[in-house]
Amino acid sequence: MRPDYYRQMSERALPRSFAAHPRSAIATQGAPIRPRSLRERMQNATPELSALPSRTIVPPRSREPIRHAPKTTATTSFPVNATLALVLLSAAVLGANLVFFGTLDSPLSPSAIRQRQFLVYGGLGGILLLGLTTPDSMAGRKRSRNSLLITVWMLFATCLLASAIGRADLGDLPERLILLLGLPILYFEALPRLAQGQVARVAPLALALGSAPYCLWSMLMEPPTFGQSYQGLLSNSNCFGQLGVQTIVGATAAVVTAERGWRPSVLLARGAAALGWVSVVASCSMASFAASIAATLALVSISLSTLSRFVKWAMLLGLVGVIVLAAGVDASSWGRLLEGLVDKSARKSDRGDMLNGRTDIWMFAWETRTWFGHGHDLFDSRFGLGAHNAVFSALGEDGIVAAIGILTLFGVCGVWSFTRGRRSGVSGRVANAMLLAFIIIAMAETPFAAIGSGTTICFYCGLSIAISLPSGPGLKSPRPRPGSASPTLAENCR
């Protein structure tokens, strides 16, 4: 075919106005066709479009209505599996806290032991079985895990196992194997699967539901008297303080992760938090008081950062007004509210021992230290009580190897809380509160065990949340401006 054939066909196909355009290839009488730029096409259109910048693209107007995405909040209803995880974990915490009702002199009755075993084994066993059989919600996607915390936990459990093998204590081997193999599978794999990635919402609620009933029941049966260490129906006041800490951590975390408003569930959580504070103050336990303050600051700071300066000053002036009003109405009753803590500290200061005689136990553990320890009856046979410190308890009973493991675990968890956890949104703050509360209590008590109490389960759930958070760079988010919405829990759990 001749080359003029293509030019004639183009003249028939294109409009006459376009063919007569001075810059068109057809008007140039056989010149090679050159693709036109965006500016040329716009200049050939209407004058309104030709006045626009060359890089501006005007999208065509769509006749379809704009459909906005539905608003999602952090308090959407739990899925069925997450609700089941909440029920089972609450039963486990409720049964584990029964250990606070027994002592070395008056242990739990056989019926109470059976009830505790039924609740704990039934709850944790149900989570293990159902969690492992539940399809992973992260299937097909790369699951982000904090490998450092997993490694440190395995190192800690290996140190405990090596200590039991080193002193040829076969009775401790099952519990150490559970710490090494069973707990990671239960809390780091089965629980996140069953809760469908919502451990940061399930664990605090379970902690509050497993501890608040005991606090309320004790206060109803035996009303507290401020100015004295209150223990209620429990074995001692420190145990009652731990129940208060669990209630504060769980209820405050439930309020922070919930939608803002005055719904009944939020009101119940705030009431439970107030009940926990009353329990801690009534117990006169300084360790519980410090743990409650640290956990509350870790949780509430993310909500206070989103408030305006006027609201913060209004809240501060309102708090001062309530204190002045309470002191003016009845100064004697307000003074008795904190008299227990002040008087307890004063008596210890007069004796020259602020740690209630525990320094003698700690010095004994240091002087009798070995590589693999002396067994679990070391402090009970010598002093009739425990070491009241997780590190010195490990040093005396399980040796230097176990003490190195627990110090490494506490150190890494503390550094993670003040660095990575602070920048991980709501889920990171919940993990911070659980980890810090346990570490502070562990400086005055010995809550470590394969099952332990609700405080121990609080620590394991905090590790589960922390391990599920990403460990790589890019977690630091900008500080929210006053008046802007805080990041929701659903955004941080993805």
# chains A, B, ... in the order shown; residues from 1 in each chain; ligands from 1
>>> residues_around(residues="region 129-135 of chain A", least_positions_apart="3", cutoff="7 Å", atoms="only C-alpha atoms", output="NGL selection string")
:A and (125-126 or 190-191 or 193-194)
>>> write_last_selection(atoms="C-alpha atoms", output="compact mmCIF listing (two decimals), in the first residue's frame")
# COMPACT_ATOMS: atom_id res chain seq x y z
CA GLY A 125 -6.30 -26.14 79.23
CA GLY A 126 -9.30 -24.92 77.26
CA ALA A 190 -2.56 -20.46 71.64
CA LEU A 191 -3.93 -17.36 73.43
CA ARG A 193 -4.89 -17.39 68.13
CA LEU A 194 -8.00 -17.90 70.23
>>> residues_around(residues="Phe188 (chain A)", least_positions_apart="4", cutoff="8 Å", atoms="only C-alpha atoms", output="tab-separated table (two decimals) with N, CA and C atoms, in the first residue's frame")
chain	number	residue	atom	x	y	z
A	183	LEU	N	4.51	-22.90	78.64
A	183	LEU	CA	4.03	-21.51	78.71
A	183	LEU	C	4.20	-20.76	77.40
A	184	PRO	N	5.33	-20.91	76.67
A	184	PRO	CA	5.40	-20.22	75.37
A	184	PRO	C	4.32	-20.67	74.40
A	192	PRO	N	-3.06	-15.86	71.63
A	192	PRO	CA	-3.30	-14.92	70.52
A	192	PRO	C	-4.17	-15.49	69.41
A	463	LEU	N	3.67	-10.27	78.59
A	463	LEU	CA	4.67	-10.76	77.64
A	463	LEU	C	4.03	-11.17	76.32
A	464	SER	N	2.85	-11.80	76.39
A	464	SER	CA	2.17	-12.20	75.17
A	464	SER	C	1.83	-11.00	74.29
A	467	ILE	N	5.21	-9.51	72.88
A	467	ILE	CA	5.80	-10.33	71.83
A	467	ILE	C	5.03	-10.21	70.53
A	468	SER	N	3.74	-9.98	70.60
A	468	SER	CA	2.93	-9.85	69.39
A	468	SER	C	3.14	-8.53	68.67
>>> atom_distance(atom1="CA of Phe118 (chain A)", atom2="CA of Ile178 (chain A)")
18.3 Å
